[in-house]
Amino acid sequence: MLDKVSICALNVISNACQEVGVYVVLEVEDIIKNFPIEYEISSEKLLTSVRFLSSLGYVNLKYLSDKEFCLSLTDSGKNYIKDIKVEKRLKIKLTLKIFCFCFLGALIGGFLGSLLARVFG
C-alpha cells in the first residue's frame, strides 16, 4: 500500500506519461507544481517517492538528479492508478446508495407514523 504522497506522485507521473513503456524526462519543479496544495512536498520527498515507486516496479527509472529525472510508467503502475480511480467511484456509489436508502426509509417511516397516528389517534 502506497502513502498519499506516492499515490499523488504516481498519478502526476501517469498524467505526464501518455504511454506505458515510453521514457519521459520530467523536471522536479514541474511535478511539484502539479501536486495538490495540502501536500507540502519538497524535492527530496519527491525523489524519495520516485525511488520507492521504482523499487516497487510501478515506474522504470533511467536516471535521477536533483532537478530532473527520466522514467517510464509500467503496466503495474498504470493499473494501480486505474484501480484507485475505480475504488473511488465505487465508494461514491456506495455512499449515494446508503443515502438513498436512509432517505427512503425515513420518508416511509414518517408516512407510516403519521398514518398510524391518524388511525389510532
# chains A, B, ... in the order shown; residues from 1 in each chain; ligands from 1
>>> residues_around(residues="segment 45-51 of chain A", least_positions_apart="3", cutoff="8 Å", atoms="only C-alpha atoms", output="list of chain:residue names")
A:Val5, A:Ser6, A:Ala9, A:Val28, A:Ile32, A:Ile41, A:Ser42, A:Ser54, A:Ser55, A:Val59, A:Leu61, A:Leu64, A:Asp66
>>> write_last_selection(atoms="N, CA and C atoms", output="PDB file, in the first residue's frame")
ATOM      1  N   VAL A   5       1.430  10.615  -0.649  1.00  0.00           N
ATOM      2  CA  VAL A   5       2.391  11.353  -1.477  1.00  0.00           C
ATOM      3  C   VAL A   5       2.820  10.493  -2.665  1.00  0.00           C
ATOM      4  N   SER A   6       3.075   9.216  -2.428  1.00  0.00           N
ATOM      5  CA  SER A   6       3.484   8.323  -3.513  1.00  0.00           C
ATOM      6  C   SER A   6       2.350   8.107  -4.513  1.00  0.00           C
ATOM      7  N   ALA A   9       2.199  11.246  -6.522  1.00  0.00           N
ATOM      8  CA  ALA A   9       3.328  11.285  -7.453  1.00  0.00           C
ATOM      9  C   ALA A   9       3.090  10.338  -8.627  1.00  0.00           C
ATOM     10  N   VAL A  28      11.681  18.228 -11.716  1.00  0.00           N
ATOM     11  CA  VAL A  28      11.178  18.091 -10.349  1.00  0.00           C
ATOM     12  C   VAL A  28      10.225  19.232 -10.010  1.00  0.00           C
ATOM     13  N   ILE A  32       6.261  19.020  -8.780  1.00  0.00           N
ATOM     14  CA  ILE A  32       5.836  19.604  -7.506  1.00  0.00           C
ATOM     15  C   ILE A  32       4.691  20.602  -7.729  1.00  0.00           C
ATOM     16  N   ILE A  41       5.226  19.387  -0.326  1.00  0.00           N
ATOM     17  CA  ILE A  41       6.247  18.426  -0.729  1.00  0.00           C
ATOM     18  C   ILE A  41       7.518  19.160  -1.125  1.00  0.00           C
ATOM     19  N   SER A  42       8.621  18.595  -0.736  1.00  0.00           N
ATOM     20  CA  SER A  42       9.920  19.132  -1.128  1.00  0.00           C
ATOM     21  C   SER A  42      10.480  18.243  -2.235  1.00  0.00           C
ATOM     22  N   SER A  54       9.899   3.172  -8.025  1.00  0.00           N
ATOM     23  CA  SER A  54      10.764   2.373  -8.883  1.00  0.00           C
ATOM     24  C   SER A  54      11.086   1.029  -8.244  1.00  0.00           C
ATOM     25  N   SER A  55      11.318   1.031  -6.930  1.00  0.00           N
ATOM     26  CA  SER A  55      11.635  -0.225  -6.246  1.00  0.00           C
ATOM     27  C   SER A  55      10.442  -1.173  -6.230  1.00  0.00           C
ATOM     28  N   VAL A  59       7.292   2.269 -11.781  1.00  0.00           N
ATOM     29  CA  VAL A  59       7.963   3.070 -12.804  1.00  0.00           C
ATOM     30  C   VAL A  59       9.339   2.472 -13.072  1.00  0.00           C
ATOM     31  N   LEU A  61      13.000   3.642 -13.804  1.00  0.00           N
ATOM     32  CA  LEU A  61      13.801   4.838 -13.643  1.00  0.00           C
ATOM     33  C   LEU A  61      15.099   4.679 -14.416  1.00  0.00           C
ATOM     34  N   LEU A  64      18.223   9.809 -12.328  1.00  0.00           N
ATOM     35  CA  LEU A  64      17.598  10.670 -11.328  1.00  0.00           C
ATOM     36  C   LEU A  64      18.626  11.692 -10.869  1.00  0.00           C
ATOM     37  N   ASP A  66      18.902  15.983  -9.055  1.00  0.00           N
ATOM     38  CA  ASP A  66      18.178  16.902  -8.176  1.00  0.00           C
ATOM     39  C   ASP A  66      17.154  17.753  -8.926  1.00  0.00           C
TER      40      ASP A  66
END
>>> residues_around(residues="Cys8 of chain A", least_positions_apart="4", cutoff="8 Å", atoms="only C-alpha atoms", output="compact mmCIF listing (two decimals) with N, CA and C atoms, in the first residue's frame")
# COMPACT_ATOMS: atom_id res chain seq x y z
N LYS A 4 0.00 8.60 0.65
CA LYS A 4 -0.70 9.57 -0.19
C LYS A 4 0.23 10.33 -1.11
N VAL A 12 0.54 11.93 -10.95
CA VAL A 12 1.12 13.02 -11.76
C VAL A 12 2.01 12.43 -12.85
N PHE A 35 1.26 18.95 -7.75
CA PHE A 35 0.76 18.36 -6.51
C PHE A 35 -0.32 19.25 -5.91
>>> select_by_dssp(residues="chain A", states="strand (DSSP E or B)", output="list in words")
Val24, Val25, Leu26, Glu27, Val59, Asn60, Leu61, Lys62, Tyr63, Leu64, Glu68, Phe69, Cys70, Leu71, Ser72 and Leu73 of chain A
>>> write_last_selection(atoms="C-alpha atoms", output="short mmCIF file (atom, residue, chain, number, x, y, z; two decimals), in the first residue's frame")
data_model
loop_
_atom_site.label_atom_id
_atom_site.label_comp_id
_atom_site.auth_asym_id
_atom_site.auth_seq_id
_atom_site.Cartn_x
_atom_site.Cartn_y
_atom_site.Cartn_z
CA VAL A 24 9.87 10.82 -20.41
CA VAL A 25 12.15 13.44 -18.87
CA LEU A 26 10.35 15.31 -16.12
CA GLU A 27 11.55 18.28 -14.11
CA VAL A 59 7.96 3.07 -12.80
CA ASN A 60 11.19 2.29 -14.63
CA LEU A 61 13.80 4.84 -13.64
CA LYS A 62 16.58 5.58 -16.12
CA TYR A 63 18.32 8.38 -14.23
CA LEU A 64 17.60 10.67 -11.33
CA GLU A 68 15.08 16.19 -13.33
CA PHE A 69 14.58 12.50 -13.85
CA CYS A 70 13.88 10.17 -16.73
CA LEU A 71 11.36 7.40 -16.25
CA SER A 72 8.60 5.40 -17.84
CA LEU A 73 5.36 4.14 -16.40
#
>>> select_by_dssp(residues="segment 11-117 of chain A", states="helix (DSSP H, G or I)", output="JSON, numbers by chain")
{"A": [11, 12, 13, 14, 15, 16, 28, 29, 30, 31, 32, 33, 43, 44, 45, 46, 47, 48, 49, 50, 51, 52, 53, 54, 55, 56, 75, 76, 77, 78, 79, 80, 81, 82, 83, 84, 85, 86, 87, 88, 89, 90, 91, 92, 93, 94, 95, 96, 97, 98, 99, 100, 101, 102, 103, 104, 105, 106, 107, 108, 109, 110, 111, 112, 113, 114, 115, 116, 117]}
>>> atom_distance(atom1="atom CA of Asp75 of chain A", atom2="atom CA of Leu90 of chain A")
22.2 Å
>>> closest_residue(among="A:Phe120, A:Phe103, A:Tyr58, A:Phe111", to="Ser14 of chain A", atoms="only C-alpha atoms")
A:Tyr58
>>> atom_distance(atom1="atom CA of Gly57 of chain A", atom2="atom CA of Leu10 of chain A")
11.5 Å
>>> closest_residue(among="A:Asp3, A:Thr74, A:Arg89, A:Leu56", to="Val22 of chain A", atoms="only C-alpha atoms")
A:Thr74
